[in-house]
Protein chains: 2
Amino acid sequence: MANITKKVSWSSRADESGATGEGTPLLNGSELPKYSRQLSGGGSIFQIGRLSTVDLEEEMTSDEDSLRGRPKEIPHNEKLLSLKFESLDYDNSENQLFLEEERRMSYMGFRCLEISRWVVCGLIGFMTGLIACFIDIVVEKLAGVKYQVVKQNIEKFTEVGGLSISLILWAVLNSAFVMVGAIIVAFFEPIAAGSGIPQIKCYLNGVKIPRVVRLKTLVVKVGGVICSVAGGLAVGKEGPMIHSGAVVAAGVSQGRSTSLKKDFKIFEYFRRDTEKRDFVSAGAAAGVSAAFGAPVGGVLFSLEEGASFWNQMLTWRIFFASMISTFTLNFFLSIYNNKTGDLSSPGLINFGRFESDSVAYNLYEIPLFIAMGAIGGLLGALFNILNYWLTIFRIRYVHRPCLQVMEAMLVAAVTATVSFAMIYFSNDCQPLGPDHAEEYPLQLFCADGEYNSMATAFFNTPERSVRSLFHNQPGTYNPLTLGMFTLTYFFLACWTYGLTVSAGVFIPSLLIGAAWGRLFGILLASITSSGSIWADPGKYALIGAAAQLGGIVRMTLSLTVIMVEATGNVTYGLPIMLVLMTAKIVGDYFVEGLYDIHIKLQSVPFLHWEAPATSHWLTAREVMSSPVTCFNRIEKVGTIVDVLSNTSTNHNGFPVVVHVAGSDEPAKLCGLILRSQLIVLLKHKVFVELARSRLTQRKLQLKDFRDAYPRFPPIQSIHVSQDERECMMDLTEFMNPTPYTVPQETSLPRVFKLFRALGLRHLVVVDDENKVVGLVTRKDLARYHLGKHGLEELQLAQT
Amino acid sequence: MANITKKVSWSSRADESGATGEGTPLLNGSELPKYSRQLSGGGSIFQIGRLSTVDLEEEMTSDEDSLRGRPKEIPHNEKLLSLKFESLDYDNSENQLFLEEERRMSYMGFRCLEISRWVVCGLIGFMTGLIACFIDIVVEKLAGVKYQVVKQNIEKFTEVGGLSISLILWAVLNSAFVMVGAIIVAFFEPIAAGSGIPQIKCYLNGVKIPRVVRLKTLVVKVGGVICSVAGGLAVGKEGPMIHSGAVVAAGVSQGRSTSLKKDFKIFEYFRRDTEKRDFVSAGAAAGVSAAFGAPVGGVLFSLEEGASFWNQMLTWRIFFASMISTFTLNFFLSIYNNKTGDLSSPGLINFGRFESDSVAYNLYEIPLFIAMGAIGGLLGALFNILNYWLTIFRIRYVHRPCLQVMEAMLVAAVTATVSFAMIYFSNDCQPLGPDHAEEYPLQLFCADGEYNSMATAFFNTPERSVRSLFHNQPGTYNPLTLGMFTLTYFFLACWTYGLTVSAGVFIPSLLIGAAWGRLFGILLASITSSGSIWADPGKYALIGAAAQLGGIVRMTLSLTVIMVEATGNVTYGLPIMLVLMTAKIVGDYFVEGLYDIHIKLQSVPFLHWEAPATSHWLTAREVMSSPVTCFNRIEKVGTIVDVLSNTSTNHNGFPVVVHVAGSDEPAKLCGLILRSQLIVLLKHKVFVELARSRLTQRKLQLKDFRDAYPRFPPIQSIHVSQDERECMMDLTEFMNPTPYTVPQETSLPRVFKLFRALGLRHLVVVDDENKVVGLVTRKDLARYHLGKHGLEELQLAQT
């Protein structure tokens with residue numbers, strides 16, 4: 001697992017920054033350990049990376065040897081930080097063009113903008129709700145047809161024998177659905193795999209995940225999730241809703257579709273990362289809201305994952321989108337169910353009504369809840385560790401699309417087989433009540449008027465199974481059924497997460513938790529004499545579900561609120577919070593949350609809330625990239641083209657400087673310009689000489705930058721003639737004249753705080769004379785993290 | 001109302017900053033209008049202030065004339081910004097001492113700190129819950145005794161006539177309670193007046209409101225709120241809980257009480273503004289949680305009002321404090337009510353159980369809800385405008401403590417009289433059911449077996465009245481009763497808010513809204529034929545309550561969640577949100593929220609979420625204070641003492657500079673030092689010369705600064721001899737070597753964002769050679785606000 005490092009190309013270390021990284025493999029690498037040794041005398045445990053520079057190179061060589069002949073996609077472990085991810089610009093480039101536009105705009109103009117923001121949020125909510133509605137109805141239909149067919153087949157063969165044919169039918173049906181889902185994901189849009197929550201977390205964090213908010217991704221995601229849920233995999237359709245909402249938001253807010261080549265010429269003001277992020281937050285919230293009927297939970301999810309800078313109006317707009325989303329879903333589902341106006345299904349998953357008893361739980365049960373939280377934390381950590389190993393395995397061996405599709409089909413077939421076997425060998429027969437809630441009760445070998453209890457759990461969509469575990473009468477399941485179900489479903493879900501299909505992990509987690517929670521409740525009732533108090537296993541199923549989900553995903557406040565809203569009953573707020581808190585504490589002791597594991601395995605430069613606690617001894621001087629490629633205020637076109645074309649550096653931001661006449665010193669900072677801006681300038685040939693010759697030509701406007709956003713052409717696509725190379729470009733008007741700067745002595749936590757709070761992409765480090773000495777980018781900060789043994793430094797790699 | 005400007009002392013304009021303000025009354029005042037005219041050609045409406053510099057001075061003179069002879073307390077209108085408020089330091093001063101301490105600390109040390117943060121939050125929640133419990137029980141007891149006495153008296157005199165004696169008894173009892181409450185507030189701790197929410201908003205915003213989080217304030221607040229609620233005023237005990245929670249938090253987190261002169265020597269690490277603010281957020285959340293049984297609402301309240309920088313762990317801790325708080329209250333109330341373990345009263349106000357019907361409301365009702373929201377917005381705006389005028393009147397004429405006490409007593413007596421009259425003249429008799437929920441049913445002139453319906457609203461604590469309006473059977477109140485009640489209570493509540501008593505406005509708002517909402521429901525039922533759909537006036541009472549409260553306080557997400565949690569039913573989430581949104585939009589059209597009005601009337605330099613929309617044309621150069629008083633890295637003690645003693649400037653932060661040898665230019669920035677730090681240095685006589693002579697003496701440590709926090713002695717109390725004045729002080733170790741800086745060209749929104757996101761107190765403006773040219777402080781930013789006619793500039797005054 002450890003030594004799968006691939007071709008670590010140090011030379012291109014500072015991809016994001018304008019620093020020429022050559023020759024500085026690990027900045028001050030030889031000095032740092034000494035420093036750390038000095039300081040660690042005081043009792044602290046510093047460990048910078050695990051290897052010194054020399055060791056590293058040695059290890060790299062041997063790695064390369066051992067990896068020779070492996071296909072190119074071979075990756076990275078969690079001790080690496082990938083250089084392939086770029087950052088988003090959450091800090092506005094306040095150049096002259098921008099300021100002029102803002103200054104021209106009247107107060108009414110700003111009011112109109114504000115109103116259009118609300119309109120966009122309403123649209124986002126509406127469309128997200130529609131998509132949720134569409135997924136729900138199609139999945140219900142498909143799953144209904146499938147279960148009916150299989151059920152009839154099973155009933156047919158139960159009498160005459162030959163149930164293996166039913167098994168094959170079931171397995172083939174499942175595999176067929178999953179095959180379709182896996183093919184579209186693996187071959188058309190691999191980014192649509194999984195729940196999409198890690199990707200959205202990264203996006204909101206400021207990392208540009210390629211293709212994550214495109215229309216194609218949405219289409220594949222929706223199709224994929226329908227197939228995988230209808231294919232009977234141990235997955236949910238809730239997680240993907242969050243991704244879907246985010247894509248909708250990114251699309252609607254731009255007023256155009258680049259994929260469809262359609263520009264509605266509206267919302268042009270919103271065509272920049274800052275504004276787009278706000279809408280994507282709203283979209284993610286709308287997705288959560290539609291998935292769980294939890295508008296407040298959606299807002300909190302967005303805030304917990306994304307907004308580093310809380311803004312009251314923004315929050316209120318996000319809440320609006322969430323409300324519209326759940327309302328739209330609710331309304332259209334009510335029409336579909338012929339109960340127009342009955343707003344009783346606010347989310348894709350509905351926990352059903354819990355008895356709104358004022359004495360919902362007793363004080364004495366609280367220690368039990370905490371114990372369940374601990375169990376959830378342990379099981380969650382186990383789940384995550386198993387899934388981690390599995391993912392490492394997949395990254396190494398299952399990276400060809402056809403292999404991925406085959407694995408998905410295998411899982412689908414195995415799921416059907418295991419389910420069938422569990423049902424087949426179960427002898428838990430329950431009387432079929434007059435008001436049975438089961439949609440597809442399987443009689444199988446049970447007496448007439450009875451049904452197989454295991455089948456209610458396995459032979460059903462996961463959402464329905466969760467509901468039955470929460471609400472079925474005490475005695476519906478016997479303990480053995482629940483135990484067996486927990487065990488098998490746990491491994492199935494663990495195997496399933498990370499497959500190349502669109503699918504979420506929320507519902508399987510809830511289902512596992514509900515099963516063992518109910519088991520817990522039943523056992524409790526049987527060992528205590530006063531059975532009446534513990535009579536309701538459904539309550540324990542709910543607590544177990546919360547514990548398991550918390551143990552796996554480790555979300556905090558937002559998950560509490562989502563669970564409370566899905567339950568529709570605030571009474572359970574305290575126990576759910578206690579359980580989630582315990583699960584998180586216990587789980588964090590062993591391993592990170594599932595989403596964080598997957599983010600780490602992708603080597604994404606993710607910035608957490610705060611700098612590692614023990615990083616105060618690092619300063620900007622140590623973390624920055626240096627020396628920096630700077631441009632002059634009036635720069636030769638050839639120089640610019642050469643720098644931009646240099647693939648080994650691939651910088652994205654360049655400080656603009658003024659040289660002190662006749663001096664060889666580093667020059668004074670006077671601005672910052674982005675690669676994307678330079679590309680647009682080159683494309684429009686904004687050269688000083690040309691401007692003189694054709695004065696009548698219109699000036700470059702902000703609109704030109706917006707039209708190019710977000711898919712700026714590569715430098716290779718721009719033709720610059722040899723004559724033009726000799727021209728000069730005046731960057732004054734286009735650079736950001738007031739980039740944020742820090743002195744070299746600034747401590748890492750301080751740099752981190754500035755960077756994170758303002759959503760920066762580049763932070764210029766200057767000396768006491770305002771001369772550029774370095775540049776700090778996301779990767780320079782994300783490199784440092786708190787490992788088991790104190791501060792560790794990740795390696796950078798061009799994976 | 002307009003011309004009550006008092007002695008505007010421009011010379012001391014830059015109180016917070018280190019800028020010598022003399023001679024720069026309005027920075028670039030003569031240039032700005034020209035610039036704005038240039039720009040406003042493009043269609044925008046700029047209006048800088050209402051007066052040019054010259055006009056201003058003229059007006060000031062005439063003001064001074066007209067104000068001659070008025071007492072000193074005369075204030076400020078909302079076009080002023082007071083210089084008397086200082087800021088809090090939410091940005092850590094990362095000086096060498098601090099960094100050394102952080103670097104010495106091991107990973108385990110940080111873990112222990114984290115655990116102690118959780119412990120503190122638990123304690124905060126526990127103690128806030130206890131205080132809420134105490135208030136609740138004492139108020140119930142006192143009000144119970146009072147109403148029993150009055151009821152017996154009324155019953156005695158109903159037959160024989162002479163009810164005026166009952167009236168007098170009631171009025172005297174009320175006035176007596178209120179007198180006690182008003183006296184302790186007016187004479188001992190005036191800051192304890194009102195709900196305290198505006199003060200806590202300011203504190204979390206970063207404004208230092210003197211004495212707001214002291215123990216004495218808490219004691220007076222608790223005593224005051226008990227008296228005013230028991231005294232039958234139209235007030236609630238919920239708002240003050242938020243203030244109480246905040247005080248508890250500020251006290252507990254410091255591990256000592258300065259008032260009681262007791263230092264427990266724990267939590268010393270938390271003795272700085274940054275950490276204290278986090279705990280105060282938790283305390284405010286715990287207060288909301290205890291008041292309304294709304295832990296999530298509490299967290300959102302704190303975030304909405306305070307945290308500019310969202311941190312996941314912090315939020316989670318705040319949520320923990322909230323949960324503990326509501327749980328503690330619930331638990332102790334259950335013991336008090338002899339139902340130990342029955343956790344059914346999570347908050348001070350309990351909306352009671354709404355029928356958890358899945359068809360709680362119909363789609364067709366949504367327009368009605370929105371209409372109710374609009375009504376709420378209108379009535380709220382009316383309330384706020386009336387209260388605004390009243391407050392202006394009070395500020396001008398009712399500023400002596402004894403007058404304030406008399407006004408409070410008058411209101412109490414009038415409240416009793418009006419209530420009595422309403423009950424007396426009401427002929428709304430209702431049959432006394434077997435399961436009547438009324439605690440004190442007044443029969444008065446009704447037939448036997450009936451009770452006076454008006455009395456259920458007036459002759460009761462407001463919390464109970466709200467509950468009866470929500471839940472009593474349809475037909476319990478007749479429309480006239482509700483109309484009269486709404487009218488009288490509206491004016492009573494409006495008169496009451498702003499009295500010198502501790503009291504909140506939440507409950508009166510809810511009560512007014514519930515009354516007209518119920519009336520709305522009844523009228524609706526009577527005009528529609530299909531009475532069955534609109535049968536439940538209680539639902540309309542709830543919506544009306546939300547609308548009225550939203551119209552008055554204009555909170556958004558947090559209020560929605562608080563209402564939903566208090567209702568205990570998420571079904572009403574959408575209507576409540578719609579109603580609050582409508583009420584806010586409608587209300588904002590006329591006037592700001594009540595809390596904001598009161599903040600403005602206090603001329604507090606409050607920073608909103610964003611800079612005014614049309615402020616892009618202002619730059620740091622225009623807003624900064626300049627020139628700045630700077631210190632050298634090694635400075636003469638005499639100079640420092642003189643600068644600190646200068647009462648006309650009263651600066652709090654000073655850039656530390658290095659002079660270029662032999663040059664007269666502004667010097668290069670190398671750090672920033674605070675007045676409080678200098679005071680400690682002077683107190684400990686950290687002089688270069690002394691350090692040489694007594695090398696054995698211990699070095700100054702961070703502990704010395706923490707011991708002095710937060711009540712640093714004034715400079716006058718520090719004796720510096722003539723010899724010592726000639727000594728030098730080396731500031732290197734104590735200054736913050738890496739203050740945040742911006743170039744002069746930075747636009748106001750950009751400066752604002754940096755300032756707000758990082759919670760700064762001083763922001764140094766430098767030129768392109770890193771030389772200090774100015775200093776931006778809170779007042780420089782808060783001065784600009786968006787008025788009816790575009791950007792306006794507030795005047796600064798030493799009120």
# chains A, B, ... in the order shown; residues from 1 in each chain; ligands from 1

call {"tool": "residues_around", "arguments": {"residues": "B:Ser645", "least_positions_apart": "2", "cutoff": "12 Å", "atoms": "only C-alpha atoms", "output": "ChimeraX atom specification"}}
result
/B:638-643,647-652,675,678-679,714-720

call {"tool": "residues_around", "arguments": {"residues": "stretch 183-200 of chain B", "least_positions_apart": "2", "cutoff": "6 Å", "atoms": "only C-alpha atoms", "output": "list in words"}}
result
Met179, Val180, Gly181, Cys202, Tyr203, Thr217, Lys221, Gly239, Pro240, His243, Pro401, Gly498, Thr500, Val501, Ser502, Ala503, Gly504 and Tyr595 of chain B

call {"tool": "write_last_selection", "arguments": {"atoms": "C-alpha atoms", "output": "JSON list (two decimals), in the first residue's frame"}}
result
[["chain", "number", "residue", "atom", "x", "y", "z"],
["B", 179, "MET", "CA", -39.94, 49.99, 40.68],
["B", 180, "VAL", "CA", -37.52, 47.51, 42.18],
["B", 181, "GLY", "CA", -36.52, 46.33, 38.72],
["B", 202, "CYS", "CA", -22.17, 44.78, 19.00],
["B", 203, "TYR", "CA", -19.84, 42.73, 21.16],
["B", 217, "THR", "CA", -24.53, 43.21, 34.85],
["B", 221, "LYS", "CA", -30.16, 41.63, 34.58],
["B", 239, "GLY", "CA", -34.18, 38.24, 25.22],
["B", 240, "PRO", "CA", -32.33, 38.85, 28.48],
["B", 243, "HIS", "CA", -27.32, 38.53, 27.39],
["B", 401, "PRO", "CA", -32.26, 57.70, 36.67],
["B", 498, "GLY", "CA", -36.69, 50.93, 25.80],
["B", 500, "THR", "CA", -34.98, 51.28, 31.93],
["B", 501, "VAL", "CA", -35.86, 47.73, 32.88],
["B", 502, "SER", "CA", -34.42, 44.41, 31.81],
["B", 503, "ALA", "CA", -36.87, 42.99, 29.37],
["B", 504, "GLY", "CA", -37.20, 41.40, 25.97],
["B", 595, "TYR", "CA", -32.18, 46.18, 17.28]]

call {"tool": "atom_distance", "arguments": {"atom1": "atom CA of A:Trp516", "atom2": "atom CA of B:Met313"}}
result
29.0 Å

call {"tool": "closest_residue", "arguments": {"among": "B:Pro479, B:Pro655, B:Pro537, B:Gly568", "to": "chain A", "atoms": "only C-alpha atoms"}}
result
B:Gly568

call {"tool": "residues_around", "arguments": {"residues": "stretch 374-391 of chain A", "least_positions_apart": "3", "cutoff": "10 Å", "atoms": "only C-alpha atoms", "output": "PyMOL selection string"}}
result
chain A and resi 1+368-371+394-398+490-491+493-499+509+512-513+516-517+543-554+579-595+597-598+601

call {"tool": "write_last_selection", "arguments": {"atoms": "C-alpha atoms", "output": "PDB file, in the first residue's frame"}}
result
ATOM      1  CA  MET A   1       0.000   0.000   0.000  1.00  0.00           C
ATOM      2  CA  LEU A 368     -27.249   3.820  26.128  1.00  0.00           C
ATOM      3  CA  PHE A 369     -27.406   6.285  23.261  1.00  0.00           C
ATOM      4  CA  ILE A 370     -23.822   7.294  23.932  1.00  0.00           C
ATOM      5  CA  ALA A 371     -22.818   3.640  23.904  1.00  0.00           C
ATOM      6  CA  ARG A 394      -8.884  -0.230  -7.050  1.00  0.00           C
ATOM      7  CA  ILE A 395      -6.471   2.594  -7.789  1.00  0.00           C
ATOM      8  CA  ARG A 396      -3.719   0.079  -8.431  1.00  0.00           C
ATOM      9  CA  TYR A 397      -5.514  -2.630 -10.315  1.00  0.00           C
ATOM     10  CA  VAL A 398      -8.957  -1.527 -11.465  1.00  0.00           C
ATOM     11  CA  PHE A 490     -22.101  -3.851   5.915  1.00  0.00           C
ATOM     12  CA  PHE A 491     -19.685  -5.633   3.608  1.00  0.00           C
ATOM     13  CA  ALA A 493     -22.063  -1.402   1.141  1.00  0.00           C
ATOM     14  CA  CYS A 494     -18.369  -1.171   1.846  1.00  0.00           C
ATOM     15  CA  TRP A 495     -17.558  -2.992  -1.369  1.00  0.00           C
ATOM     16  CA  THR A 496     -20.008  -0.893  -3.329  1.00  0.00           C
ATOM     17  CA  TYR A 497     -18.784   2.544  -2.282  1.00  0.00           C
ATOM     18  CA  GLY A 498     -16.107   3.595  -4.704  1.00  0.00           C
ATOM     19  CA  LEU A 499     -17.409   1.574  -7.623  1.00  0.00           C
ATOM     20  CA  SER A 509     -25.145   3.711   6.234  1.00  0.00           C
ATOM     21  CA  ILE A 512     -26.804  -0.747   8.441  1.00  0.00           C
ATOM     22  CA  GLY A 513     -27.230   1.453  11.484  1.00  0.00           C
ATOM     23  CA  TRP A 516     -28.065  -3.024  14.344  1.00  0.00           C
ATOM     24  CA  GLY A 517     -29.853  -0.283  16.214  1.00  0.00           C
ATOM     25  CA  ILE A 543     -30.337   6.214  16.934  1.00  0.00           C
ATOM     26  CA  GLY A 544     -28.356   3.373  15.403  1.00  0.00           C
ATOM     27  CA  ALA A 545     -28.817   4.847  11.945  1.00  0.00           C
ATOM     28  CA  ALA A 546     -27.527   8.201  13.155  1.00  0.00           C
ATOM     29  CA  ALA A 547     -24.581   6.552  14.877  1.00  0.00           C
ATOM     30  CA  GLN A 548     -23.566   4.534  11.836  1.00  0.00           C
ATOM     31  CA  LEU A 549     -23.923   7.440   9.439  1.00  0.00           C
ATOM     32  CA  GLY A 550     -22.003   9.709  11.798  1.00  0.00           C
ATOM     33  CA  GLY A 551     -19.298   7.093  12.195  1.00  0.00           C
ATOM     34  CA  ILE A 552     -18.810   6.920   8.448  1.00  0.00           C
ATOM     35  CA  VAL A 553     -19.149  10.489   7.192  1.00  0.00           C
ATOM     36  CA  ARG A 554     -18.267  12.395  10.423  1.00  0.00           C
ATOM     37  CA  VAL A 579     -24.728  10.032  19.275  1.00  0.00           C
ATOM     38  CA  LEU A 580     -23.132  11.890  16.384  1.00  0.00           C
ATOM     39  CA  MET A 581     -20.653  13.541  18.683  1.00  0.00           C
ATOM     40  CA  THR A 582     -19.637  10.244  20.253  1.00  0.00           C
ATOM     41  CA  ALA A 583     -19.416   8.539  16.874  1.00  0.00           C
ATOM     42  CA  LYS A 584     -17.200  11.313  15.579  1.00  0.00           C
ATOM     43  CA  ILE A 585     -14.881  11.304  18.559  1.00  0.00           C
ATOM     44  CA  VAL A 586     -14.538   7.513  18.577  1.00  0.00           C
ATOM     45  CA  GLY A 587     -14.208   7.290  14.813  1.00  0.00           C
ATOM     46  CA  ASP A 588     -11.685  10.122  14.530  1.00  0.00           C
ATOM     47  CA  TYR A 589      -9.478   8.246  16.948  1.00  0.00           C
ATOM     48  CA  PHE A 590      -8.917   5.565  14.313  1.00  0.00           C
ATOM     49  CA  VAL A 591      -9.311   7.093  10.895  1.00  0.00           C
ATOM     50  CA  GLU A 592     -10.783  10.105   9.122  1.00  0.00           C
ATOM     51  CA  GLY A 593     -14.243  10.376   7.636  1.00  0.00           C
ATOM     52  CA  LEU A 594     -15.003   8.557   4.393  1.00  0.00           C
ATOM     53  CA  TYR A 595     -15.146  11.705   2.280  1.00  0.00           C
ATOM     54  CA  ILE A 597     -10.216   9.659   2.986  1.00  0.00           C
ATOM     55  CA  HIS A 598     -11.278   9.841  -0.624  1.00  0.00           C
ATOM     56  CA  LEU A 601      -6.514   9.509  -1.836  1.00  0.00           C
TER      57      LEU A 601
END

call {"tool": "select_by_dssp", "arguments": {"residues": "stretch 266-430 of chain B", "states": "helix (DSSP H, G or I)", "output": "number ranges by chain"}}
result
B: 268-270, 273-292, 295-305, 312-336, 363-397, 401-425

call {"tool": "select_by_dssp", "arguments": {"residues": "stretch 719-780 of chain B", "states": "strand (DSSP E or B)", "output": "MDAnalysis selection string"}}
result
chainID B and resid 728:730 736 741:743 747 762:766 771:777

call {"tool": "write_last_selection", "arguments": {"atoms": "C-alpha atoms", "output": "mmCIF file, in the first residue's frame"}}
result
data_model
loop_
_atom_site.group_PDB
_atom_site.id
_atom_site.type_symbol
_atom_site.label_atom_id
_atom_site.label_comp_id
_atom_site.auth_asym_id
_atom_site.auth_seq_id
_atom_site.Cartn_x
_atom_site.Cartn_y
_atom_site.Cartn_z
ATOM 1 C CA MET B 728 14.516 53.612 26.155
ATOM 2 C CA MET B 729 12.038 50.831 25.555
ATOM 3 C CA ASP B 730 12.702 48.037 23.084
ATOM 4 C CA ASN B 736 3.153 42.308 16.315
ATOM 5 C CA THR B 741 -1.316 45.947 5.456
ATOM 6 C CA VAL B 742 -2.961 47.278 2.316
ATOM 7 C CA PRO B 743 -1.718 49.645 -0.367
ATOM 8 C CA SER B 747 -10.860 49.929 -2.710
ATOM 9 C CA HIS B 762 -6.124 48.317 13.040
ATOM 10 C CA LEU B 763 -5.154 48.002 9.425
ATOM 11 C CA VAL B 764 -2.006 49.788 8.346
ATOM 12 C CA VAL B 765 -2.022 51.521 4.974
ATOM 13 C CA VAL B 766 1.397 51.575 3.321
ATOM 14 C CA LYS B 771 6.157 53.195 4.460
ATOM 15 C CA VAL B 772 3.281 53.985 6.779
ATOM 16 C CA VAL B 773 0.881 56.501 5.301
ATOM 17 C CA GLY B 774 -2.249 55.866 7.276
ATOM 18 C CA LEU B 775 -4.265 53.645 9.542
ATOM 19 C CA VAL B 776 -7.758 52.292 9.008
ATOM 20 C CA THR B 777 -9.885 51.524 12.028
#

call {"tool": "closest_residue", "arguments": {"among": "A:Arg104, A:Gly352, A:Cys133, A:Val680", "to": "A:Ser334", "atoms": "only C-alpha atoms"}}
result
A:Cys133

call {"tool": "residues_around", "arguments": {"residues": "B:Leu233", "least_positions_apart": "6", "cutoff": "9 Å", "atoms": "only C-alpha atoms", "output": "list in words"}}
result
Asn174, Val178, Val411, Ala412, Thr415, Ala416, Leu492, Ala493, Thr496 and Ala503 of chain B

call {"tool": "closest_residue", "arguments": {"among": "B:Ala321, B:Val207, B:Leu669, B:Val657", "to": "chain A", "atoms": "only C-alpha atoms"}}
result
B:Leu669

call {"tool": "closest_residue", "arguments": {"among": "B:Ser289, B:Thr315, B:Ser345, B:Thr158", "to": "B:Gln443", "atoms": "only C-alpha atoms"}}
result
B:Thr158

call {"tool": "residues_around", "arguments": {"residues": "A:Gly538", "least_positions_apart": "5", "cutoff": "8 Å", "atoms": "only C-alpha atoms", "output": "PDB file with N, CA and C atoms, in the first residue's frame"}}
result
ATOM      1  N   LEU A 469     -37.540  -0.589   9.049  1.00  0.00           N
ATOM      2  CA  LEU A 469     -36.779  -0.819  10.281  1.00  0.00           C
ATOM      3  C   LEU A 469     -37.144   0.203  11.349  1.00  0.00           C
ATOM      4  N   PHE A 470     -37.460   1.429  10.922  1.00  0.00           N
ATOM      5  CA  PHE A 470     -37.825   2.461  11.892  1.00  0.00           C
ATOM      6  C   PHE A 470     -39.213   2.219  12.474  1.00  0.00           C
ATOM      7  N   HIS A 471     -40.135   1.756  11.648  1.00  0.00           N
ATOM      8  CA  HIS A 471     -41.535   1.867  12.049  1.00  0.00           C
ATOM      9  C   HIS A 471     -42.295   0.569  12.193  1.00  0.00           C
ATOM     10  N   ASN A 472     -41.726  -0.524  11.710  1.00  0.00           N
ATOM     11  CA  ASN A 472     -42.505  -1.749  11.846  1.00  0.00           C
ATOM     12  C   ASN A 472     -42.717  -2.079  13.321  1.00  0.00           C
ATOM     13  N   PRO A 474     -42.906  -3.789  16.921  1.00  0.00           N
ATOM     14  CA  PRO A 474     -41.956  -4.649  17.633  1.00  0.00           C
ATOM     15  C   PRO A 474     -42.281  -6.108  17.329  1.00  0.00           C
ATOM     16  N   ARG A 518     -31.848  -1.516  15.739  1.00  0.00           N
ATOM     17  CA  ARG A 518     -33.056  -2.241  16.102  1.00  0.00           C
ATOM     18  C   ARG A 518     -32.705  -3.503  16.878  1.00  0.00           C
ATOM     19  N   GLY A 521     -31.991  -2.541  20.289  1.00  0.00           N
ATOM     20  CA  GLY A 521     -33.229  -2.300  21.034  1.00  0.00           C
ATOM     21  C   GLY A 521     -33.907  -3.585  21.457  1.00  0.00           C
TER      22      GLY A 521
END

call {"tool": "closest_residue", "arguments": {"among": "A:Phe631, A:Phe98, A:Tyr336, A:Tyr784", "to": "chain B", "atoms": "only C-alpha atoms"}}
result
A:Phe98

call {"tool": "residues_around", "arguments": {"residues": "B:Phe331", "least_positions_apart": "5", "cutoff": "10 Å", "atoms": "only C-alpha atoms", "output": "list in words"}}
result
Leu363 of chain A; Gly129, Leu130, Cys133, Ser325, Thr326, Tyr336, Asn337, Lys339, Thr340, Gly341, Asp342, Leu343, Ser344, Ser345 and Pro346 of chain B

call {"tool": "atom_distance", "arguments": {"atom1": "atom CA of A:Ser166", "atom2": "atom CA of A:Ala230"}}
result
17.3 Å

call {"tool": "residues_around", "arguments": {"residues": "A:Phe351", "least_positions_apart": "2", "cutoff": "12 Å", "atoms": "only C-alpha atoms", "output": "PyMOL selection string"}}
result
chain A and resi 291-294+344-349+353-355+462-472+507+510-511+514+538-539+541-542+545-546+562-569

call {"tool": "closest_residue", "arguments": {"among": "B:Ile522, B:Val656, B:Ile576, B:Leu442", "to": "B:Ile366", "atoms": "only C-alpha atoms"}}
result
B:Ile576

call {"tool": "atom_distance", "arguments": {"atom1": "atom CA of B:Val660", "atom2": "atom CA of B:Glu769"}}
result
11.7 Å
